[in-house]
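A quick write-up on the structure given underneath.
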Amino acid sequence: MSRNENIHVSLRFRPLNMREIDENESNIWQVNKNSVVLKQEMAQVFQESKKLTGAPKCYNYNYCFTSKDSNLLVYETVAKRVVRASLDGYNGTIFAYGQTGSGKTYTMMGSEGADHEPLSKPIRKERRSVSPFRQMKPIPKDIPSPRQSKLELPKEKGIIIFALEDLFETVSVSNEKTYYLTCSYLEIYNEQVYDLISETGGFKNEILSVNEDPARGFYVKGLSEHVVGSIAEVLTFIEKGEANRKYAVTSMNHNSSRSHTIFRLNVTSVRVLDAQDEEESSITTESVLNFVDLAGSERVSNLQDTPMFSKPPSNKPPEGRRSSRMRSSNNLDTLLNEGKHINTSLFYLCQVINRLSEKNTAKNDMHIPYRNSNLTKILRSSLGGNSLTCIICTATPTLAQFEMTLSTLRFGGTARTITNRVEANIRNNKNAEILQAYQRDIDVLRQQIQLAQDNGKLKAEEMEAMQKQLEERILKLTHMILNKTSKEHSKQVYENVWSTVSGILNIDKRLIGESIGFRVEEKILKFDSKERMKMMNAIFKDKDKSIQNLTESKQFLIDSKVNLKNELKKAIDLSRQISDKAQKYRQKFDKEKALRKYLDMKLNILEHQEGVEKFPLCKIEALEKFYLQAIDTVKELQVRMNYKQMQEISNISTKNHHKMWAMLGIEPIERTEESSSEEFIQTDASFYAARRNHEDTIDLSIDA
Ligand code: ADP
Ligand code: MG
């Protein structure tokens, strides 16, 4: 679903600088939320000097920022919606337009990137080509300057940094989509396009051409594209690019940039959908986000005054750049040449904008001169095309810059009327189609390479350079994969690695295609690196699955190991218990053995008097006593036995007497039988008691 969107235009005034304050300049503009108008007192002065008739004109914008507003507010108010939309597949372009020294670079890059207004007016006319990042090293604190406190502005990030923070934050928390970002950085200087961050060594003055392709539209052939995974990585590229930028001295600002720069982010997102109709599919969105820092618009304003947008300046490119970009800086011709070409690009930019605005109102089929300059070719989709576009017009608020500011105000007013037809770049891919397209793509590439080789198109050194480049990338990639896979094999890691792989493949494909100079057919274009990405995604999924299996097996082994360990522990405990018991039994056995030995000895002593010699004297005496007593006992027993026999005999005789007396009829004399037996029992008990006592006193233990 496409929709018509007006280009959003905002206006931003910068604060007065030291020189302007010294020269007693003041802010002559009244800024309201959506409009800007000349201050009342200034309008009066103009009216009195007949420079103005009637009421001063009020210029309307989508938003107007005062000189006190921060870059963060600018980002949040006008740029954020464009940046955020890029994540959903909408192209976006953010321009900074304005005269030199009005704050374009400050807005885009922040205070670190902007040029610095000198303490006094510059007299030098030489050029400088110094990275603003290097140039902006803080002034040493130990060399105090009377103006230092006024010069040191608080460091402020530019909207590119805010955009990157926003993008990387969203990308890092996104669960359902996988994003990958690549960046490129180009400069248009004298109508010639340079890659500011090309990978091949340092900055080479290689001029790139802007080509047209039915599917891609205008594109810069050979522009390097770098996969970026963090803000730090992007900043490294920006710094590298800034170091290569061209700065020239102008009457307005001795560090003013004469070139147009475009910092570009390519945002791709992939969302894999659940299997539908037994076929897995994915949704891919692609968008291009441009941050454009234009060269100073001052020369254009002069042209605008002398018939505006009608007579283009000569846009014939110069004879070719000299080997060094730092040419003799005082050469007036060169300076004019530069000025002219800045005009050419900006002139056509203004003309394109003007025509587009006329087209909107007249609704006619007007020709738009995109092809007249490289800037308009490259920004074709941003103006009157498929892109959310936001132009930030920067201006100087002083009376001295009144004309320039007026020209900027007019430009913004015109641009506001243009409408773009925007639609998200979304594709739905099915696996089978992807595979077929992939196969077709490989076949055609192979054929083309073969053809090129046969025709000698692919020169040996080109091949060598390409191979070297690929080798470097593969090496870089291998390092990354090794670094990442040695850590946890989480899904996130694979996605990160994958993003990098696909990004590099994407660039390589383009590189190969371009360097062998064939035009990719339309049907082949249907399949591009994003589809490869889908394929690779499937491969990664497989790998992920086998890693998962391996991890499960590993876990099983670990569990078994733990179980075995526990079993072993139990067995050791059991064997310890058994050996403890055995020990106890052994001790008991030893004790029993000793007791037996002792009893044997005791028996021997008692039976055969063997071993008596081992006894101490006291024990022998005790033994002797015992024996004597035993003999006594035996004798006593003998006596008793005799007595018992006698008694039995006596009993028998008594019985016989009784019988005899009974026969004779005589009463026998009664004798108390009980008492005598009683007496005997008594005697028996005392005997045994005495014997027991006696026995107790005898200790027969050998060691006593
Ligand atoms: P341009 O890129 O348009 O030529 P710069 O961005 O280099 O201009 O700005 C010129 C000077 O003005 C720099 O010193 C910069 O720090 C300062 N400047 C520009 N805009 C602002 C602002 N909004 N707040 C503070 N300083 C600013
Ligand atoms: Mg600048």
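As shown in the structure tokens, the chain order sets the letters A, B, ...; within each chain, residues go from 1, and ligands are also counted from 1 in the order they appear.
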Quiz item: Could you pull the residues within 10 Å of region 367-383 of chain A, counting only C-alpha atoms, minus those fewer than 5 positions along the same chain, as a PyMOL selection string?
Solution: chain A and resi 7+91-95+187-193+209-212+217-220+260-262+288-290+292+294+312+315-317+341+344-356+359+388-390+415+418-422
Using only C-alpha atoms, which protein or nucleic acid residues come within 9 Å of region 28-35 of chain A? Drop anything in the same chain fewer than 6 positions from it, and give the result as a PDB file with all heavy atoms, in the first residue's frame.
ATOM      1  N   SER A  10      11.932  21.535   7.882  1.00  0.00           N
ATOM      2  CA  SER A  10      12.021  22.311   9.118  1.00  0.00           C
ATOM      3  C   SER A  10      13.135  23.339   8.973  1.00  0.00           C
ATOM      4  O   SER A  10      13.995  23.225   8.083  1.00  0.00           O
ATOM      5  CB  SER A  10      12.266  21.394  10.302  1.00  0.00           C
ATOM      6  OG  SER A  10      13.399  20.613  10.046  1.00  0.00           O
ATOM      7  N   LEU A  11      13.082  24.331   9.832  1.00  0.00           N
ATOM      8  CA  LEU A  11      14.065  25.415   9.769  1.00  0.00           C
ATOM      9  C   LEU A  11      14.793  25.487  11.098  1.00  0.00           C
ATOM     10  O   LEU A  11      14.176  25.328  12.156  1.00  0.00           O
ATOM     11  CB  LEU A  11      13.343  26.738   9.506  1.00  0.00           C
ATOM     12  CG  LEU A  11      14.296  27.917   9.318  1.00  0.00           C
ATOM     13  CD1 LEU A  11      14.959  27.878   7.963  1.00  0.00           C
ATOM     14  CD2 LEU A  11      13.558  29.227   9.515  1.00  0.00           C
ATOM     15  N   PHE A  13      17.760  27.839  13.177  1.00  0.00           N
ATOM     16  CA  PHE A  13      18.742  28.923  13.271  1.00  0.00           C
ATOM     17  C   PHE A  13      19.829  28.518  14.238  1.00  0.00           C
ATOM     18  O   PHE A  13      19.552  27.922  15.274  1.00  0.00           O
ATOM     19  CB  PHE A  13      18.067  30.198  13.796  1.00  0.00           C
ATOM     20  CG  PHE A  13      17.349  30.962  12.717  1.00  0.00           C
ATOM     21  CD1 PHE A  13      15.963  31.051  12.708  1.00  0.00           C
ATOM     22  CD2 PHE A  13      18.068  31.597  11.707  1.00  0.00           C
ATOM     23  CE1 PHE A  13      15.302  31.755  11.712  1.00  0.00           C
ATOM     24  CE2 PHE A  13      17.408  32.303  10.707  1.00  0.00           C
ATOM     25  CZ  PHE A  13      16.026  32.382  10.705  1.00  0.00           C
ATOM     26  N   GLU A  41      11.050  45.249  14.646  1.00  0.00           N
ATOM     27  CA  GLU A  41      11.955  46.415  14.572  1.00  0.00           C
ATOM     28  C   GLU A  41      12.787  46.379  13.297  1.00  0.00           C
ATOM     29  O   GLU A  41      13.060  47.417  12.668  1.00  0.00           O
ATOM     30  CB  GLU A  41      12.835  46.534  15.816  1.00  0.00           C
ATOM     31  CG  GLU A  41      13.775  45.367  16.109  1.00  0.00           C
ATOM     32  CD  GLU A  41      13.139  44.296  17.006  1.00  0.00           C
ATOM     33  OE1 GLU A  41      11.899  44.176  17.037  1.00  0.00           O
ATOM     34  OE2 GLU A  41      13.921  43.555  17.657  1.00  0.00           O
ATOM     35  N   MET A  42      13.146  45.157  12.861  1.00  0.00           N
ATOM     36  CA  MET A  42      13.949  45.023  11.643  1.00  0.00           C
ATOM     37  C   MET A  42      13.101  45.384  10.421  1.00  0.00           C
ATOM     38  O   MET A  42      13.566  46.085   9.503  1.00  0.00           O
ATOM     39  CB  MET A  42      14.408  43.568  11.526  1.00  0.00           C
ATOM     40  CG  MET A  42      15.886  43.292  11.450  1.00  0.00           C
ATOM     41  SD  MET A  42      16.957  44.578  11.876  1.00  0.00           S
ATOM     42  CE  MET A  42      17.466  45.086  10.251  1.00  0.00           C
ATOM     43  N   CYS A  58       5.751  35.975   5.922  1.00  0.00           N
ATOM     44  CA  CYS A  58       5.860  34.920   6.949  1.00  0.00           C
ATOM     45  C   CYS A  58       6.108  33.586   6.227  1.00  0.00           C
ATOM     46  O   CYS A  58       5.378  33.224   5.306  1.00  0.00           O
ATOM     47  CB  CYS A  58       4.555  34.883   7.749  1.00  0.00           C
ATOM     48  SG  CYS A  58       4.568  33.636   9.032  1.00  0.00           S
ATOM     49  N   TYR A  59       7.166  32.870   6.592  1.00  0.00           N
ATOM     50  CA  TYR A  59       7.493  31.592   5.952  1.00  0.00           C
ATOM     51  C   TYR A  59       7.055  30.442   6.856  1.00  0.00           C
ATOM     52  O   TYR A  59       7.382  30.438   8.047  1.00  0.00           O
ATOM     53  CB  TYR A  59       8.997  31.506   5.680  1.00  0.00           C
ATOM     54  CG  TYR A  59       9.459  32.542   4.689  1.00  0.00           C
ATOM     55  CD1 TYR A  59       9.865  33.810   5.118  1.00  0.00           C
ATOM     56  CD2 TYR A  59       9.481  32.259   3.322  1.00  0.00           C
ATOM     57  CE1 TYR A  59      10.270  34.769   4.219  1.00  0.00           C
ATOM     58  CE2 TYR A  59       9.885  33.218   2.417  1.00  0.00           C
ATOM     59  CZ  TYR A  59      10.279  34.479   2.861  1.00  0.00           C
ATOM     60  OH  TYR A  59      10.676  35.421   1.963  1.00  0.00           O
ATOM     61  N   ASN A  60       6.320  29.504   6.277  1.00  0.00           N
ATOM     62  CA  ASN A  60       5.797  28.380   7.075  1.00  0.00           C
ATOM     63  C   ASN A  60       6.564  27.080   6.826  1.00  0.00           C
ATOM     64  O   ASN A  60       6.938  26.780   5.690  1.00  0.00           O
ATOM     65  CB  ASN A  60       4.322  28.139   6.735  1.00  0.00           C
ATOM     66  CG  ASN A  60       3.484  29.311   7.157  1.00  0.00           C
ATOM     67  OD1 ASN A  60       3.566  29.767   8.296  1.00  0.00           O
ATOM     68  ND2 ASN A  60       2.708  29.849   6.224  1.00  0.00           N
ATOM     69  N   TYR A  61       6.747  26.325   7.898  1.00  0.00           N
ATOM     70  CA  TYR A  61       7.447  25.030   7.824  1.00  0.00           C
ATOM     71  C   TYR A  61       6.730  24.015   8.684  1.00  0.00           C
ATOM     72  O   TYR A  61       5.848  24.353   9.463  1.00  0.00           O
ATOM     73  CB  TYR A  61       8.911  25.199   8.287  1.00  0.00           C
ATOM     74  CG  TYR A  61       9.633  26.180   7.417  1.00  0.00           C
ATOM     75  CD1 TYR A  61       9.716  27.518   7.788  1.00  0.00           C
ATOM     76  CD2 TYR A  61      10.137  25.790   6.182  1.00  0.00           C
ATOM     77  CE1 TYR A  61      10.309  28.447   6.965  1.00  0.00           C
ATOM     78  CE2 TYR A  61      10.727  26.712   5.343  1.00  0.00           C
ATOM     79  CZ  TYR A  61      10.807  28.038   5.732  1.00  0.00           C
ATOM     80  OH  TYR A  61      11.372  28.944   4.903  1.00  0.00           O
ATOM     81  N   ASN A  62       7.160  22.796   8.565  1.00  0.00           N
ATOM     82  CA  ASN A  62       6.574  21.773   9.447  1.00  0.00           C
ATOM     83  C   ASN A  62       7.006  22.007  10.892  1.00  0.00           C
ATOM     84  O   ASN A  62       6.271  21.714  11.825  1.00  0.00           O
ATOM     85  CB  ASN A  62       7.005  20.372   9.011  1.00  0.00           C
ATOM     86  CG  ASN A  62       6.420  20.007   7.663  1.00  0.00           C
ATOM     87  OD1 ASN A  62       7.059  20.226   6.628  1.00  0.00           O
ATOM     88  ND2 ASN A  62       5.202  19.505   7.655  1.00  0.00           N
ATOM     89  N   TYR A  63       8.214  22.517  11.043  1.00  0.00           N
ATOM     90  CA  TYR A  63       8.677  22.829  12.395  1.00  0.00           C
ATOM     91  C   TYR A  63       9.804  23.855  12.304  1.00  0.00           C
ATOM     92  O   TYR A  63      10.603  23.820  11.371  1.00  0.00           O
ATOM     93  CB  TYR A  63       9.183  21.560  13.103  1.00  0.00           C
ATOM     94  CG  TYR A  63       9.093  21.679  14.601  1.00  0.00           C
ATOM     95  CD1 TYR A  63       7.951  21.274  15.303  1.00  0.00           C
ATOM     96  CD2 TYR A  63      10.150  22.244  15.333  1.00  0.00           C
ATOM     97  CE1 TYR A  63       7.861  21.412  16.672  1.00  0.00           C
ATOM     98  CE2 TYR A  63      10.060  22.385  16.707  1.00  0.00           C
ATOM     99  CZ  TYR A  63       8.913  21.966  17.378  1.00  0.00           C
ATOM    100  OH  TYR A  63       8.824  22.119  18.737  1.00  0.00           O
ATOM    101  N   CYS A  64       9.847  24.791  13.263  1.00  0.00           N
ATOM    102  CA  CYS A  64      10.950  25.764  13.305  1.00  0.00           C
ATOM    103  C   CYS A  64      11.673  25.644  14.638  1.00  0.00           C
ATOM    104  O   CYS A  64      11.039  25.627  15.693  1.00  0.00           O
ATOM    105  CB  CYS A  64      10.434  27.190  13.160  1.00  0.00           C
ATOM    106  SG  CYS A  64       9.721  27.492  11.557  1.00  0.00           S
ATOM    107  N   PHE A  65      12.997  25.564  14.567  1.00  0.00           N
ATOM    108  CA  PHE A  65      13.795  25.448  15.796  1.00  0.00           C
ATOM    109  C   PHE A  65      14.493  26.770  16.068  1.00  0.00           C
ATOM    110  O   PHE A  65      14.971  27.436  15.141  1.00  0.00           O
ATOM    111  CB  PHE A  65      14.851  24.348  15.637  1.00  0.00           C
ATOM    112  CG  PHE A  65      14.257  22.984  15.425  1.00  0.00           C
ATOM    113  CD1 PHE A  65      14.106  22.466  14.133  1.00  0.00           C
ATOM    114  CD2 PHE A  65      13.840  22.213  16.496  1.00  0.00           C
ATOM    115  CE1 PHE A  65      13.563  21.215  13.932  1.00  0.00           C
ATOM    116  CE2 PHE A  65      13.293  20.951  16.297  1.00  0.00           C
ATOM    117  CZ  PHE A  65      13.151  20.454  15.020  1.00  0.00           C
ATOM    118  N   THR A  66      14.555  27.131  17.324  1.00  0.00           N
ATOM    119  CA  THR A  66      15.278  28.360  17.688  1.00  0.00           C
ATOM    120  C   THR A  66      16.743  27.990  17.875  1.00  0.00           C
ATOM    121  O   THR A  66      17.116  26.820  17.871  1.00  0.00           O
ATOM    122  CB  THR A  66      14.742  28.937  19.013  1.00  0.00           C
ATOM    123  OG1 THR A  66      15.118  28.038  20.059  1.00  0.00           O
ATOM    124  CG2 THR A  66      13.239  29.119  18.999  1.00  0.00           C
ATOM    125  N   PRO A 397      21.230  33.742  11.810  1.00  0.00           N
ATOM    126  CA  PRO A 397      20.171  34.699  12.156  1.00  0.00           C
ATOM    127  C   PRO A 397      20.559  36.184  12.052  1.00  0.00           C
ATOM    128  O   PRO A 397      19.775  37.038  12.442  1.00  0.00           O
ATOM    129  CB  PRO A 397      19.861  34.340  13.614  1.00  0.00           C
ATOM    130  CG  PRO A 397      21.140  33.824  14.150  1.00  0.00           C
ATOM    131  CD  PRO A 397      21.901  33.227  13.019  1.00  0.00           C
ATOM    132  N   THR A 398      21.748  36.471  11.498  1.00  0.00           N
ATOM    133  CA  THR A 398      22.215  37.869  11.536  1.00  0.00           C
ATOM    134  C   THR A 398      21.738  38.673  10.316  1.00  0.00           C
ATOM    135  O   THR A 398      21.350  38.111   9.286  1.00  0.00           O
ATOM    136  CB  THR A 398      23.756  37.916  11.564  1.00  0.00           C
ATOM    137  OG1 THR A 398      24.204  37.261  10.370  1.00  0.00           O
ATOM    138  CG2 THR A 398      24.306  37.225  12.783  1.00  0.00           C
ATOM    139  N   LEU A 399      21.853  40.000  10.459  1.00  0.00           N
ATOM    140  CA  LEU A 399      21.473  40.905   9.362  1.00  0.00           C
ATOM    141  C   LEU A 399      22.449  40.730   8.188  1.00  0.00           C
ATOM    142  O   LEU A 399      22.048  40.744   7.023  1.00  0.00           O
ATOM    143  CB  LEU A 399      21.487  42.353   9.877  1.00  0.00           C
ATOM    144  CG  LEU A 399      21.160  43.431   8.843  1.00  0.00           C
ATOM    145  CD1 LEU A 399      19.746  43.257   8.290  1.00  0.00           C
ATOM    146  CD2 LEU A 399      21.307  44.829   9.454  1.00  0.00           C
ATOM    147  N   PHE A 402      21.355  38.179   5.796  1.00  0.00           N
ATOM    148  CA  PHE A 402      19.923  38.278   5.497  1.00  0.00           C
ATOM    149  C   PHE A 402      19.554  37.645   4.150  1.00  0.00           C
ATOM    150  O   PHE A 402      18.657  36.821   4.039  1.00  0.00           O
ATOM    151  CB  PHE A 402      19.494  39.752   5.553  1.00  0.00           C
ATOM    152  CG  PHE A 402      18.070  39.971   5.116  1.00  0.00           C
ATOM    153  CD1 PHE A 402      16.999  39.576   5.915  1.00  0.00           C
ATOM    154  CD2 PHE A 402      17.786  40.568   3.878  1.00  0.00           C
ATOM    155  CE1 PHE A 402      15.697  39.775   5.502  1.00  0.00           C
ATOM    156  CE2 PHE A 402      16.480  40.758   3.462  1.00  0.00           C
ATOM    157  CZ  PHE A 402      15.426  40.365   4.277  1.00  0.00           C
TER     158      PHE A 402
END
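Across the model, the gap from CA of Leu273 (chain A) to CA of Lys543 (chain A) is 19.3 Å.
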